[in-house]
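Undergrad: Encoded as structure tokens, here's the structure I'll be asking about.
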Amino acid sequence: MRRKTGLGTKKELDLELNLTPFIDLLSTMVCFLLITAVWIEIGTVEVKQSNGTEAPAEKKESYDLDLVFKDPTALRLNLKKNGKQYKAIDVKSESSEGMLAQLNEAITTQVLKIKDKTVEIATATVTPRSSVNYGQLISTLDVLRKNQIVNIGVLTAKGQ
Amino acid sequence: MILNHSLVASDAFEKHLVNRRRKMSWGMKAAGFTLMLTSMVDMFSMLVVFLLQTFSSSPEILILKGVELPNSITAAEVKEAPVLAISKDGNLYLDQKLVGMTKDVMTKPEELLKKLNGIKHNWAQSHTNPFSGEINLQADKEIESTTVSMVMAILTSSQFQSIQLAVMGR
């Protein structure tokens, strides 16, 4: 027997969304994400102690940079070309913040640009002093990294 | 739940009393409340979206209590590796376990080297690829930079050449 179309029980057109499981799921997710959330952002500054190994071998002219701390407000930059001393720049200021600003300027204008040519620094080494604290060493590494000098090593300065 | 005040007044006086009560209760708030589910779901959804955006899948390292890390503007992502920490009071910890005073370790690094060799040995047993030489170094920002460089020299001598200095990202 065929059933006539249009007859039978009428279904309601309005659909009611059951919000309870939806709210349950959302509250569980909120709780999980709040517990697993990390509010303190920890990062790293990579230091490669195997000095020189990362430098590309096929480069004709490779420049290396040595930063030697004299005290917290003064340091000396030794730019080396193919292992030989090319240029020495003294950076000095009244405060450590001022010294970092001057270091940034010296790297941008005198190290990375030689005779209007942009040079690439293969490796950089930093020689600290006991009067320089670790926080300042990291700030110095920051200045180097900001100027795309990423192959950085920290030398040991025993007794200095 | 809404409190209904409708009463069927039988006579004019009763009607008057009901009307009076109604007029008096106009200023009062309803005793019940309706939970606005739509706005609550909206709020939850926004919270979930915000928390999912800030969700970090990168590995996290424990910071040793009392160590104030220096700030950095060029901080990279943390890599999973053993953690060597130098506290402000001069103690040296490897994976949260005390090794000794830093100045003693610098003069006699045998114990630290032994523990580092143990880490390398465990790595060789659980990995097929060669040893990466990665280690996380945490140090208080106030300690002498030469102390850190000396510890780094010990690490380098033990084939830990890729040292990740832990910093606070800005």
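Chains: A, B, ... in order of the structure tokens. Residues: from 1 per chain. Ligands: from 1, in order shown.
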Got a sec: who's within 10 Å of segment 144-160 of chain B, counting only C-alpha atoms, leaving out chain neighbours fewer than 4 positions off, as a PDB file with C-alpha atoms, in the first residue's frame?

TA:
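Heads up, here's the output in selection_19.pdb:
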```pdb
ATOM      1  CA  VAL A  47      76.261  30.029  21.066  1.00  0.00           C
ATOM      2  CA  LYS A  48      78.393  27.785  18.882  1.00  0.00           C
ATOM      3  CA  GLN A  49      81.642  27.104  20.640  1.00  0.00           C
ATOM      4  CA  SER A  50      83.129  25.204  17.710  1.00  0.00           C
ATOM      5  CA  VAL A 126      83.276  37.560  22.575  1.00  0.00           C
ATOM      6  CA  THR A 127      85.874  37.660  25.328  1.00  0.00           C
ATOM      7  CA  PRO A 128      84.255  38.656  28.614  1.00  0.00           C
ATOM      8  CA  ARG A 129      85.732  40.167  31.789  1.00  0.00           C
ATOM      9  CA  SER A 130      84.872  39.440  35.381  1.00  0.00           C
ATOM     10  CA  SER A 131      83.582  43.012  35.793  1.00  0.00           C
ATOM     11  CA  VAL A 132      81.025  42.376  33.059  1.00  0.00           C
ATOM     12  CA  ASN A 133      77.937  40.548  34.256  1.00  0.00           C
ATOM     13  CA  TYR A 134      76.118  37.830  32.368  1.00  0.00           C
ATOM     14  CA  GLY A 135      73.146  40.094  31.576  1.00  0.00           C
ATOM     15  CA  GLN A 136      75.440  42.497  29.753  1.00  0.00           C
ATOM     16  CA  LEU A 137      77.082  39.655  27.860  1.00  0.00           C
ATOM     17  CA  ILE A 138      73.647  38.588  26.597  1.00  0.00           C
ATOM     18  CA  GLY A 153      81.374  31.917  20.339  1.00  0.00           C
ATOM     19  CA  VAL A 154      82.265  32.976  23.856  1.00  0.00           C
ATOM     20  CA  LEU A 155      85.926  32.680  24.782  1.00  0.00           C
ATOM     21  CA  THR A 156      87.263  31.926  28.191  1.00  0.00           C
ATOM     22  CA  ALA A 157      89.152  34.740  29.828  1.00  0.00           C
ATOM     23  CA  LYS A 158      90.624  33.114  32.891  1.00  0.00           C
ATOM     24  CA  GLY A 159      91.854  35.536  35.494  1.00  0.00           C
ATOM     25  CA  GLN A 160      90.597  38.665  33.708  1.00  0.00           C
TER      26      GLN A 160
ATOM     27  CA  LEU B  84      72.703  23.198  33.345  1.00  0.00           C
ATOM     28  CA  ALA B  85      71.943  26.021  35.745  1.00  0.00           C
ATOM     29  CA  ILE B  86      74.153  28.441  37.675  1.00  0.00           C
ATOM     30  CA  LYS B  88      73.067  33.488  42.074  1.00  0.00           C
ATOM     31  CA  GLY B  90      77.116  30.053  43.046  1.00  0.00           C
ATOM     32  CA  LEU B  92      75.720  24.509  39.792  1.00  0.00           C
ATOM     33  CA  THR B 102      80.607  26.553  40.519  1.00  0.00           C
ATOM     34  CA  LYS B 103      84.085  27.675  41.629  1.00  0.00           C
ATOM     35  CA  VAL B 105      83.528  22.584  39.687  1.00  0.00           C
ATOM     36  CA  MET B 106      85.713  24.942  37.646  1.00  0.00           C
ATOM     37  CA  PRO B 109      85.327  19.427  36.785  1.00  0.00           C
ATOM     38  CA  GLU B 110      85.560  15.598  36.976  1.00  0.00           C
ATOM     39  CA  LEU B 112      80.400  17.348  36.058  1.00  0.00           C
ATOM     40  CA  LEU B 113      82.234  15.698  33.172  1.00  0.00           C
ATOM     41  CA  LYS B 114      81.193  12.282  34.494  1.00  0.00           C
ATOM     42  CA  LEU B 116      77.804  14.893  31.106  1.00  0.00           C
ATOM     43  CA  ASN B 117      79.331  11.669  29.799  1.00  0.00           C
ATOM     44  CA  LYS B 120      75.960  11.365  26.182  1.00  0.00           C
ATOM     45  CA  PHE B 131      75.168  13.293  19.265  1.00  0.00           C
ATOM     46  CA  SER B 132      73.944  16.849  18.603  1.00  0.00           C
ATOM     47  CA  GLY B 133      75.867  18.422  21.494  1.00  0.00           C
ATOM     48  CA  GLU B 134      72.952  20.620  22.547  1.00  0.00           C
ATOM     49  CA  ILE B 135      72.588  21.827  26.104  1.00  0.00           C
ATOM     50  CA  ASN B 136      70.534  24.567  27.768  1.00  0.00           C
ATOM     51  CA  LEU B 137      72.484  26.848  30.078  1.00  0.00           C
ATOM     52  CA  GLN B 138      70.622  28.934  32.627  1.00  0.00           C
ATOM     53  CA  ALA B 139      72.481  31.554  34.604  1.00  0.00           C
ATOM     54  CA  ASP B 140      71.482  34.466  36.778  1.00  0.00           C
ATOM     55  CA  LEU B 165      71.677  30.313  26.729  1.00  0.00           C
TER      56      LEU B 165
END
```

Undergrad: Which residues are near Leu75 of chain A? Cut-off 9 Å, only C-alpha atoms, ignore same chain within fewer than 6 positions. Put them as an mmCIF file with N, CA and C atoms, in the first residue's frame.

TA:
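Below you can see around.cif, which holds the result:
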```cif
data_model
loop_
_atom_site.group_PDB
_atom_site.id
_atom_site.type_symbol
_atom_site.label_atom_id
_atom_site.label_comp_id
_atom_site.auth_asym_id
_atom_site.auth_seq_id
_atom_site.Cartn_x
_atom_site.Cartn_y
_atom_site.Cartn_z
ATOM 1 N N LEU A 67 85.328 40.523 19.797
ATOM 2 C CA LEU A 67 84.923 41.584 20.730
ATOM 3 C C LEU A 67 85.617 41.299 22.048
ATOM 4 N N VAL A 68 86.420 42.217 22.477
ATOM 5 C CA VAL A 68 87.137 42.020 23.744
ATOM 6 C C VAL A 68 86.692 43.099 24.728
ATOM 7 N N PHE A 69 86.104 42.654 25.819
ATOM 8 C CA PHE A 69 85.657 43.604 26.845
ATOM 9 C C PHE A 69 86.856 44.136 27.627
ATOM 10 N N ILE A 89 88.555 48.755 16.263
ATOM 11 C CA ILE A 89 87.666 49.865 16.623
ATOM 12 C C ILE A 89 87.438 49.839 18.132
ATOM 13 N N ASP A 90 87.655 50.975 18.753
ATOM 14 C CA ASP A 90 87.385 51.072 20.197
ATOM 15 C C ASP A 90 86.004 51.660 20.420
ATOM 16 N N VAL A 91 85.246 51.007 21.261
ATOM 17 C CA VAL A 91 83.902 51.487 21.594
ATOM 18 C C VAL A 91 83.879 51.804 23.081
ATOM 19 N N LYS A 92 83.521 53.032 23.408
ATOM 20 C CA LYS A 92 83.516 53.447 24.808
ATOM 21 C C LYS A 92 82.371 54.424 25.058
ATOM 22 N N MET A 99 77.145 52.240 25.671
ATOM 23 C CA MET A 99 78.174 51.442 24.992
ATOM 24 C C MET A 99 77.530 50.479 23.979
ATOM 25 N N LEU A 103 78.115 50.362 20.097
ATOM 26 C CA LEU A 103 78.566 49.111 19.472
ATOM 27 C C LEU A 103 77.716 48.790 18.249
#
```

Undergrad: Taking the DSSP assignment computed from this structure's backbone, write out as a ChimeraX atom specification all residues of segment 69-136 of chain A that belong to strand (DSSP E).

TA: /A:69-71,74-81,84-92,113-114,117-118,121-127

Undergrad: With only C-alpha atoms as the atoms that count, which of A:Glu105, A:Glu97, A:Glu41, A:Glu12 lies nearest to chain B?

TA: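 Among the listed residues, A:Glu41 lies closest to chain B.
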
Undergrad: Could I get the residues of chain B with an atom no further than 6 Å from an atom of chain A, each paired with its nearest atom pair and that distance in Å to one decimal, using only C-alpha atoms, sorted by chain and residue number, as CSV?

TA:
```
residue,atom,partner,partner_atom,distance
B:Val48,CA,A:Val30,CA,5.6
B:Leu51,CA,A:Leu33,CA,6.0
B:Pro70,CA,A:Gly135,CA,5.0
B:Thr74,CA,A:Asp142,CA,5.9
B:Ala75,CA,A:Gly43,CA,4.8
B:Ala76,CA,A:Thr44,CA,5.1
B:Glu77,CA,A:Gly43,CA,5.3
B:Val78,CA,A:Gly43,CA,5.4
B:Lys141,CA,A:Gly135,CA,4.3
B:Glu142,CA,A:Asn133,CA,5.5
B:Ile143,CA,A:Asn133,CA,5.5
B:Glu144,CA,A:Asn133,CA,4.5
B:Ser145,CA,A:Tyr134,CA,4.4
B:Thr146,CA,A:Ser130,CA,5.2
B:Ser149,CA,A:Thr156,CA,5.2
B:Met150,CA,A:Thr156,CA,5.7
B:Gln161,CA,A:Gln49,CA,5.2
B:Ser162,CA,A:Lys48,CA,5.0
B:Ile163,CA,A:Val47,CA,5.2
B:Gln164,CA,A:Glu46,CA,4.5
B:Leu165,CA,A:Val45,CA,5.0
B:Ala166,CA,A:Thr44,CA,4.5
B:Val167,CA,A:Gly43,CA,5.2
B:Met168,CA,A:Ile42,CA,4.8
B:Gly169,CA,A:Gly43,CA,5.4
```

Undergrad: Tell me which of A:Asn18, A:Val150, A:Leu79, A:Asp66 sits closest to Leu112 of chain A, counting only C-alpha atoms.

TA: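 Distance minimum relative to Leu112 of chain A lands on A:Leu79.
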